[in-house]
>>> print(open('entry-v2.cif').read())   # mmCIF, C-alpha atoms and all ligand atoms
data_final
#
loop_
_atom_site.label_atom_id
_atom_site.label_comp_id
_atom_site.auth_asym_id
_atom_site.auth_seq_id
_atom_site.Cartn_x
_atom_site.Cartn_y
_atom_site.Cartn_z
CA MET A 1 29.27 38.23 -48.36
CA ILE A 2 32.85 37.39 -49.37
CA PRO A 3 33.36 35.38 -52.58
CA LEU A 4 35.15 32.10 -51.88
CA THR A 5 37.04 30.09 -54.50
CA VAL A 6 38.16 26.55 -53.72
CA ILE A 7 41.08 25.38 -55.88
CA GLY A 8 41.70 21.64 -55.95
CA GLY A 9 43.61 19.18 -58.06
CA PHE A 10 45.99 16.32 -57.61
CA LEU A 11 49.52 16.56 -56.21
CA GLY A 12 51.78 18.63 -58.46
CA ALA A 13 49.06 19.93 -60.78
CA GLY A 14 50.04 23.57 -60.23
CA LYS A 15 47.64 24.86 -57.55
CA THR A 16 50.18 27.06 -55.75
CA THR A 17 51.38 28.52 -59.05
CA LEU A 18 47.80 29.45 -59.94
CA VAL A 19 47.18 31.04 -56.54
CA ASN A 20 50.36 33.10 -56.89
CA HIS A 21 49.34 34.23 -60.35
CA LEU A 22 45.90 35.34 -59.14
CA LEU A 23 47.46 37.24 -56.25
CA ALA A 24 49.99 38.93 -58.52
CA THR A 25 47.47 40.00 -61.16
CA GLY A 26 44.06 40.21 -59.50
CA GLY A 27 44.46 43.61 -57.86
CA LYS A 28 42.26 42.71 -54.90
CA ARG A 29 42.65 42.29 -51.16
CA TRP A 30 42.94 38.50 -51.15
CA GLY A 31 42.84 36.07 -48.27
CA VAL A 32 44.37 32.65 -48.85
CA LEU A 33 43.97 29.46 -46.81
CA VAL A 34 46.44 26.74 -47.78
CA ASN A 35 46.01 23.10 -46.84
CA ASP A 36 49.29 21.28 -47.48
CA PHE A 37 49.90 17.54 -47.02
CA GLY A 38 53.13 17.37 -45.07
CA ALA A 39 54.70 18.42 -41.80
CA ILE A 40 56.29 21.43 -43.51
CA ASN A 41 54.04 24.09 -45.02
CA VAL A 42 55.87 24.47 -48.29
CA ASP A 43 52.94 25.82 -50.30
CA ALA A 44 52.06 28.50 -47.74
CA ALA A 45 55.67 29.69 -47.77
CA LEU A 46 55.59 29.87 -51.56
CA ILE A 47 52.53 32.07 -51.72
CA ALA A 48 53.74 35.57 -52.23
CA ALA A 49 51.06 37.40 -50.28
CA SER A 50 51.94 40.25 -47.99
CA ASP A 51 51.85 39.70 -44.23
CA GLY A 52 48.71 38.27 -42.75
CA GLN A 53 46.93 37.37 -45.97
CA THR A 54 47.96 33.72 -46.10
CA MET A 55 47.12 31.13 -43.46
CA ALA A 56 48.28 27.54 -43.39
CA LEU A 57 45.78 24.87 -42.35
CA THR A 58 48.18 22.51 -40.64
CA ASN A 59 46.16 19.78 -38.94
CA GLY A 60 45.96 17.38 -41.85
CA CYS A 61 43.73 17.30 -44.93
CA VAL A 62 40.66 19.42 -44.15
CA CYS A 63 38.27 17.36 -46.29
CA CYS A 64 38.59 14.28 -44.10
CA ASN A 65 39.74 15.79 -40.83
CA MET A 66 36.84 16.36 -38.51
CA GLY A 67 38.64 19.17 -36.74
CA ASP A 68 37.56 22.70 -37.53
CA ASP A 69 40.77 24.03 -39.07
CA LEU A 70 38.89 25.30 -42.10
CA GLY A 71 36.03 26.88 -40.17
CA ASP A 72 38.43 28.59 -37.76
CA GLY A 73 40.55 29.86 -40.66
CA LEU A 74 37.55 31.25 -42.51
CA ALA A 75 36.18 32.89 -39.37
CA ALA A 76 39.58 34.54 -38.79
CA MET A 77 39.60 35.77 -42.41
CA ALA A 78 36.08 37.21 -42.13
CA ALA A 79 36.98 38.96 -38.86
CA ARG A 80 39.88 40.89 -40.41
CA ILE A 81 39.53 44.64 -40.64
CA PRO A 82 39.20 45.34 -43.45
CA PRO A 83 38.04 41.87 -44.51
CA PRO A 84 39.47 40.30 -47.67
CA GLU A 85 37.57 41.03 -50.89
CA HIS A 86 37.96 37.44 -52.05
CA VAL A 87 39.11 34.28 -50.24
CA ILE A 88 40.89 31.36 -51.91
CA VAL A 89 41.15 27.93 -50.31
CA GLU A 90 43.95 25.84 -51.80
CA ALA A 91 42.96 22.23 -51.14
CA SER A 92 45.56 19.59 -50.40
CA GLY A 93 46.56 17.52 -53.43
CA VAL A 94 44.68 14.49 -52.16
CA GLY A 95 41.68 16.43 -50.84
CA ASP A 96 38.16 16.46 -52.24
CA PRO A 97 37.58 20.10 -53.23
CA TRP A 98 33.79 19.79 -53.45
CA ARG A 99 33.62 18.46 -49.94
CA ILE A 100 35.88 21.31 -48.79
CA ALA A 101 33.55 23.78 -50.52
CA GLN A 102 30.54 22.28 -48.73
CA MET A 103 32.34 22.50 -45.40
CA ALA A 104 33.35 26.12 -46.10
CA LEU A 105 29.73 27.10 -46.73
CA ILE A 106 28.82 26.12 -43.17
CA GLU A 107 30.76 29.23 -42.12
CA PRO A 108 28.54 32.33 -42.47
CA GLY A 109 29.54 35.24 -44.67
CA PHE A 110 30.84 33.49 -47.80
CA THR A 111 29.41 32.78 -51.24
CA LEU A 112 30.84 29.93 -53.28
CA GLU A 113 32.44 30.85 -56.60
CA PRO A 114 32.94 28.22 -59.33
CA LEU A 115 34.90 25.22 -58.08
CA VAL A 116 38.30 25.08 -59.81
CA VAL A 117 40.15 21.79 -60.32
CA LEU A 118 43.57 21.58 -61.94
CA VAL A 119 44.78 18.55 -63.90
CA ASP A 120 48.27 17.84 -65.25
CA ALA A 121 48.13 17.38 -69.06
CA THR A 122 50.96 14.87 -68.95
CA ALA A 123 49.71 12.80 -66.03
CA LEU A 124 45.89 12.78 -65.82
CA PRO A 125 45.09 9.57 -67.79
CA ALA A 126 47.72 7.58 -65.89
CA GLN A 127 46.52 8.99 -62.56
CA LEU A 128 42.92 8.06 -63.38
CA ASP A 129 43.91 4.55 -64.40
CA ASP A 130 46.15 3.96 -61.40
CA HIS A 131 44.90 1.61 -58.71
CA TRP A 132 46.02 3.92 -55.89
CA THR A 133 45.23 7.38 -57.28
CA GLY A 134 42.29 6.80 -59.66
CA ASP A 135 39.47 7.24 -57.14
CA THR A 136 40.96 10.38 -55.62
CA VAL A 137 41.49 12.08 -58.97
CA ALA A 138 38.03 11.09 -60.28
CA ARG A 139 36.44 12.37 -57.08
CA GLN A 140 38.25 15.71 -57.44
CA LEU A 141 36.81 16.09 -60.94
CA ALA A 142 33.31 14.88 -60.11
CA PHE A 143 31.95 18.32 -59.19
CA ALA A 144 34.49 20.58 -60.88
CA GLU A 145 32.96 23.65 -62.48
CA ILE A 146 36.16 24.90 -64.09
CA VAL A 147 38.83 22.36 -65.04
CA VAL A 148 42.23 23.88 -65.75
CA ILE A 149 44.54 21.65 -67.79
CA THR A 150 48.10 22.65 -66.85
CA LYS A 151 51.50 21.89 -68.41
CA ILE A 152 50.10 21.75 -71.95
CA ASP A 153 53.56 22.77 -73.20
CA LEU A 154 54.83 19.38 -71.99
CA ALA A 155 52.08 17.31 -73.64
CA ASP A 156 51.74 16.37 -77.31
CA ALA A 157 48.48 16.66 -79.28
CA ALA A 158 47.48 13.03 -78.69
CA GLN A 159 48.02 13.32 -74.93
CA LEU A 160 46.03 16.53 -74.80
CA ALA A 161 43.14 14.99 -76.77
CA MET A 162 43.10 12.07 -74.33
CA VAL A 163 42.99 14.45 -71.36
CA HIS A 164 40.02 16.31 -72.88
CA ALA A 165 38.25 13.01 -73.53
CA ARG A 166 38.71 11.85 -69.94
CA ILE A 167 37.43 15.15 -68.55
CA ALA A 168 34.43 15.08 -70.91
CA GLN A 169 33.63 11.57 -69.72
CA LEU A 170 33.83 12.42 -66.02
CA ARG A 171 32.52 15.95 -65.98
CA PRO A 172 30.95 17.12 -69.25
CA GLN A 173 29.38 20.18 -67.56
CA ALA A 174 32.71 21.78 -66.67
CA ARG A 175 34.26 24.70 -68.48
CA VAL A 176 37.72 23.51 -69.58
CA ILE A 177 40.68 25.88 -69.86
CA GLU A 178 44.20 25.06 -71.04
CA THR A 179 47.36 26.69 -69.76
CA ALA A 180 51.09 26.01 -69.86
CA HIS A 181 52.03 27.47 -66.49
CA ALA A 182 48.82 27.76 -64.45
CA SER A 183 48.78 31.46 -65.24
CA LEU A 184 45.14 32.39 -65.67
CA PRO A 185 43.53 35.80 -65.49
CA GLU A 186 41.05 36.19 -62.66
CA THR A 187 38.31 36.82 -65.24
CA ALA A 188 38.68 33.20 -66.41
CA LEU A 189 37.32 32.08 -63.04
CA GLY A 190 34.22 34.25 -63.09
CA PHE A 191 31.33 32.57 -64.84
CA THR A 192 27.98 31.23 -63.74
CA PRO A 193 28.35 27.56 -62.92
CA PRO A 194 25.69 24.99 -63.81
CA ALA A 195 23.08 24.14 -61.18
CA ARG A 196 24.68 22.56 -58.15
CA PRO A 197 23.46 19.43 -56.40
CA PRO A 198 22.10 19.92 -52.89
CA ALA A 199 24.85 20.03 -50.31
CA SER A 200 23.25 17.52 -47.98
CA ARG A 201 23.78 14.72 -50.47
CA PHE A 202 27.50 14.66 -49.68
CA GLN A 203 27.64 15.27 -45.97
CA ALA A 204 27.55 11.61 -45.07
CA ASP A 205 30.38 10.63 -47.38
CA GLU A 206 33.19 8.99 -45.49
CA ILE A 207 36.57 9.68 -46.94
CA THR A 208 39.96 8.43 -45.96
CA HIS A 209 43.09 8.96 -47.98
CA ALA A 210 45.46 6.03 -48.24
CA PHE A 211 48.45 8.23 -48.97
CA PRO A 212 51.25 8.02 -46.41
CA THR A 213 53.64 10.92 -45.98
CA GLN A 214 57.32 10.86 -45.06
CA ARG A 215 59.77 13.45 -43.90
CA ILE A 216 63.36 13.37 -45.13
CA ALA A 217 66.13 15.10 -43.18
CA ALA A 218 67.96 17.73 -45.21
CA ASP A 219 70.41 19.23 -42.74
CA GLN A 220 73.38 17.60 -44.47
CA PRO A 221 74.14 18.79 -48.01
CA PHE A 222 73.32 16.55 -50.93
CA ASP A 223 75.75 15.91 -53.76
CA ARG A 224 74.18 17.39 -56.90
CA ASP A 225 74.88 14.45 -59.22
CA ARG A 226 73.96 11.80 -56.70
CA LEU A 227 70.72 13.60 -55.82
CA ARG A 228 69.78 13.73 -59.52
CA TRP A 229 70.51 10.02 -59.73
CA VAL A 230 68.26 9.26 -56.75
CA LEU A 231 65.47 11.47 -58.13
CA GLY A 232 65.72 9.73 -61.49
CA MET A 233 65.32 6.36 -59.76
CA LEU A 234 62.27 7.20 -57.65
CA PRO A 235 59.43 4.76 -58.28
CA ALA A 236 55.96 5.91 -59.37
CA SER A 237 54.76 5.25 -55.83
CA VAL A 238 56.36 8.58 -54.86
CA LEU A 239 53.65 11.01 -55.94
CA ARG A 240 55.06 14.30 -54.73
CA LEU A 241 58.16 15.48 -52.93
CA LYS A 242 59.08 19.03 -52.01
CA GLY A 243 60.99 21.19 -49.62
CA VAL A 244 64.28 22.96 -49.06
CA CYS A 245 67.65 21.21 -49.09
CA LEU A 246 71.34 21.99 -49.52
CA LEU A 247 73.02 21.25 -52.84
CA GLY A 248 76.62 21.72 -51.88
CA THR A 249 76.52 25.20 -50.36
CA ASP A 250 73.34 26.37 -52.17
CA ARG A 251 69.96 26.31 -50.42
CA VAL A 252 67.41 25.24 -53.02
CA LEU A 253 63.72 24.45 -53.22
CA LEU A 254 63.19 20.99 -54.69
CA GLN A 255 59.84 20.25 -56.35
CA TYR A 256 59.11 16.74 -57.64
CA ALA A 257 55.86 15.45 -59.19
CA ALA A 258 54.85 13.02 -61.92
CA GLU A 259 58.47 11.83 -62.30
CA ARG A 260 59.81 15.32 -63.10
CA TRP A 261 61.68 17.66 -60.80
CA ALA A 262 62.99 21.20 -60.63
CA PHE A 263 65.31 23.18 -58.41
CA SER A 264 64.77 26.86 -57.68
CA PRO A 265 66.08 29.35 -55.11
CA ALA A 266 64.81 28.56 -51.60
CA PRO A 267 62.16 30.98 -50.30
CA ASN A 268 62.76 32.84 -47.07
CA GLY A 269 61.24 31.48 -43.90
CA LEU A 270 61.26 27.80 -44.84
CA ALA A 271 63.55 25.49 -42.83
CA ASN A 272 65.57 22.71 -44.43
CA GLY A 273 63.60 19.51 -44.82
CA LEU A 274 61.80 17.51 -47.48
CA VAL A 275 58.31 16.06 -47.32
CA ALA A 276 56.94 13.35 -49.57
CA ILE A 277 53.57 11.74 -50.16
CA GLY A 278 52.97 8.55 -52.04
CA THR A 279 51.01 5.36 -52.34
CA PRO A 280 51.25 2.66 -49.67
CA GLN A 281 54.02 1.14 -51.81
CA MET A 282 56.32 4.14 -51.31
CA PRO A 283 59.77 2.94 -50.19
CA ASP A 284 61.75 4.26 -47.21
CA LEU A 285 62.93 7.56 -48.68
CA GLU A 286 65.29 8.46 -45.84
CA LEU A 287 67.26 5.36 -46.77
CA LEU A 288 67.18 6.14 -50.50
CA PHE A 289 68.19 9.77 -50.03
CA SER A 290 71.07 8.80 -47.77
CA GLU A 291 72.66 7.57 -51.03
CA ALA A 292 72.69 11.17 -52.26
CA ARG A 293 74.65 12.69 -49.38
ZN ZN B 301 40.96 14.81 -47.06
#
>>> encode(input="entry-v2.cif", output="structure tokens")
Amino acid sequence: MIPLTVIGGFLGAGKTTLVNHLLATGGKRWGVLVNDFGAINVDAALIAASDGQTMALTNGCVCCNMGDDLGDGLAAMAARIPPPEHVIVEASGVGDPWRIAQMALIEPGFTLEPLVVLVDATALPAQLDDHWTGDTVARQLAFAEIVVITKIDLADAAQLAMVHARIAQLRPQARVIETAHASLPETALGFTPPARPPASRFQADEITHAFPTQRIAADQPFDRDRLRWVLGMLPASVLRLKGVCLLGTDRVLLQYAAERWAFSPAPNGLANGLVAIGTPQMPDLELLFSEAR
């Protein structure tokens, strides 16, 4: 039996960073399945596994897609010779990680490790209170066994206390861990979770995510100052934006979440292009970003 860890959490909470940290420090033969939201598999490209250890699940969010992307991916992982010693499934930022865990257990050969859900210390209360995102974030936490509060370096004491209070309200059984950069030792994930509810209770749940995605062309270079101006103007309806673009002559990876953004060197093997996900109120981003060229 191969241990299986499902890592969930809302858009931009730090899931890919955590996966990379586990891979870099865990000293195991890992297998990673990544379920990204957009047309470009940014997260899979960012996971620094050696060849063949990372697979992208590309046919939409696996928790609500009735296709068998997840089952096929797990079967392929289990069939590897030698098989991975531990498999991680990185859920999409809008996905329901408990539902994904239940679906994964249909595949023979895996045992479910504690369910890990990441929350952004600076954004969780607002996400829970938001009309568009509240249900999704609460559902992600509902069966969390380990809750990892990320970005604590960006939150003040009052914000952090509020985040703990909201988690305690929604999921008092969970073990709660704080981190600045989603860098946790593998040992933090290994503990015996509380008794789990029977799986059958959730099979009939119907889920749809009301989060549209958009793709923004990035073949033409952006002007650095104008791009910063556009990013600074993005409304809260833009939940997450990421991908590779040109800033003048530099190819950079742009990551945007919770109204903050960062540029870093573009990884190899990722074509130019930006993907965004937001609420139904998200404006036409192609039009907005044309102002930055
Ligand atoms: Zn889903």
>>> residues_near_ligand(input="entry-v2.cif", ligand="ligand ZN 301 (chain B)", cutoff="6 Å", atoms="all atoms listed in the file", output="number ranges by chain")
A: 61-64, 95
>>> closest_residue(input="entry-v2.cif", among="A:Asn20, A:Gln159, A:Ser290, A:Gln102", to="Gln220 in chain A", atoms="all atoms listed in the file")
A:Ser290
>>> closest_atom_pairs(input="entry-v2.cif", of="range 27-48 of chain A", to="range 66-87 of chain A", cutoff="10 Å", atoms="only C-alpha atoms", output="Markdown table")
| residue | atom | partner | partner_atom | distance |
| --- | --- | --- | --- | --- |
| A:Lys28 | CA | A:Glu85 | CA | 6.4 |
| A:Arg29 | CA | A:Pro84 | CA | 5.1 |
| A:Trp30 | CA | A:His86 | CA | 5.2 |
| A:Gly31 | CA | A:Val87 | CA | 4.6 |
| A:Val32 | CA | A:Val87 | CA | 5.7 |
| A:Leu33 | CA | A:Gly73 | CA | 7.0 |
| A:Val34 | CA | A:Leu70 | CA | 9.6 |
| A:Asn35 | CA | A:Leu70 | CA | 8.8 |
>>> atom_distance(input="entry-v2.cif", atom1="CA of Ser183 in chain A", atom2="CA of Thr122 in chain A")
17.1 Å
>>> closest_residue(input="entry-v2.cif", among="A:Ala165, A:Leu11, A:Ala144, A:Val137", to="Ala101 in chain A", atoms="all atoms listed in the file")
A:Ala144
>>> closest_residue(input="entry-v2.cif", among="A:Leu270, A:Ala123, A:Leu154, A:Val116", to="Ala174 in chain A", atoms="all atoms listed in the file")
A:Val116
>>> atom_distance(input="entry-v2.cif", atom1="CA of Asp250 in chain A", atom2="CA of Asn272 in chain A")
11.6 Å
>>> atom_distance(input="entry-v2.cif", atom1="CA of Gly248 in chain A", atom2="CA of Ala218 in chain A")
11.6 Å
>>> residues_around(input="entry-v2.cif", residues="range 232-237 of chain A", least_positions_apart="5", cutoff="6 Å", atoms="only C-alpha atoms", output="list in words")
Gly278, Thr279, Gln281 and Met282 of chain A
>>> write_last_selection(input="entry-v2.cif", atoms="C-alpha atoms", output="PDB file, in the coordinates of the input")
ATOM      1  CA  GLY A 278      52.970   8.550 -52.040  1.00  0.00           C
ATOM      2  CA  THR A 279      51.010   5.360 -52.340  1.00  0.00           C
ATOM      3  CA  GLN A 281      54.020   1.140 -51.810  1.00  0.00           C
ATOM      4  CA  MET A 282      56.320   4.140 -51.310  1.00  0.00           C
TER       5      MET A 282
END
>>> residues_around(input="entry-v2.cif", residues="Met1 in chain A", least_positions_apart="5", cutoff="8 Å", atoms="all atoms listed in the file", output="compact mmCIF listing (two decimals) with C-alpha atoms, keeping the file's coordinate frame")
# COMPACT_ATOMS: atom_id res chain seq x y z
CA GLY A 109 29.54 35.24 -44.67
CA PHE A 110 30.84 33.49 -47.80
CA THR A 111 29.41 32.78 -51.24
>>> residues_around(input="entry-v2.cif", residues="Phe10 in chain A", least_positions_apart="6", cutoff="7 Å", atoms="all atoms listed in the file", output="PyMOL selection string")
chain A and resi 93-94+119+137
>>> residues_around(input="entry-v2.cif", residues="Leu160 in chain A", least_positions_apart="3", cutoff="12 Å", atoms="all atoms listed in the file", output="list in words")
Val119, Asp120, Ala121, Thr122, Ala123, Leu124, Pro125, Ile149, Thr150, Lys151, Ile152, Asp153, Leu154, Ala155, Asp156, Ala157, Val163, His164, Ala165, Arg166, Ile167, Ile177, Glu178, Thr179 and Ala180 of chain A
>>> write_last_selection(input="entry-v2.cif", atoms="C-alpha atoms", output="PDB file, in the frame of the given file")
ATOM      1  CA  VAL A 119      44.780  18.550 -63.900  1.00  0.00           C
ATOM      2  CA  ASP A 120      48.270  17.840 -65.250  1.00  0.00           C
ATOM      3  CA  ALA A 121      48.130  17.380 -69.060  1.00  0.00           C
ATOM      4  CA  THR A 122      50.960  14.870 -68.950  1.00  0.00           C
ATOM      5  CA  ALA A 123      49.710  12.800 -66.030  1.00  0.00           C
ATOM      6  CA  LEU A 124      45.890  12.780 -65.820  1.00  0.00           C
ATOM      7  CA  PRO A 125      45.090   9.570 -67.790  1.00  0.00           C
ATOM      8  CA  ILE A 149      44.540  21.650 -67.790  1.00  0.00           C
ATOM      9  CA  THR A 150      48.100  22.650 -66.850  1.00  0.00           C
ATOM     10  CA  LYS A 151      51.500  21.890 -68.410  1.00  0.00           C
ATOM     11  CA  ILE A 152      50.100  21.750 -71.950  1.00  0.00           C
ATOM     12  CA  ASP A 153      53.560  22.770 -73.200  1.00  0.00           C
ATOM     13  CA  LEU A 154      54.830  19.380 -71.990  1.00  0.00           C
ATOM     14  CA  ALA A 155      52.080  17.310 -73.640  1.00  0.00           C
ATOM     15  CA  ASP A 156      51.740  16.370 -77.310  1.00  0.00           C
ATOM     16  CA  ALA A 157      48.480  16.660 -79.280  1.00  0.00           C
ATOM     17  CA  VAL A 163      42.990  14.450 -71.360  1.00  0.00           C
ATOM     18  CA  HIS A 164      40.020  16.310 -72.880  1.00  0.00           C
ATOM     19  CA  ALA A 165      38.250  13.010 -73.530  1.00  0.00           C
ATOM     20  CA  ARG A 166      38.710  11.850 -69.940  1.00  0.00           C
ATOM     21  CA  ILE A 167      37.430  15.150 -68.550  1.00  0.00           C
ATOM     22  CA  ILE A 177      40.680  25.880 -69.860  1.00  0.00           C
ATOM     23  CA  GLU A 178      44.200  25.060 -71.040  1.00  0.00           C
ATOM     24  CA  THR A 179      47.360  26.690 -69.760  1.00  0.00           C
ATOM     25  CA  ALA A 180      51.090  26.010 -69.860  1.00  0.00           C
TER      26      ALA A 180
END
>>> closest_residue(input="entry-v2.cif", among="A:Asp36, A:Glu90, A:Asp43, A:Asp135", to="His209 in chain A", atoms="all atoms listed in the file")
A:Asp135
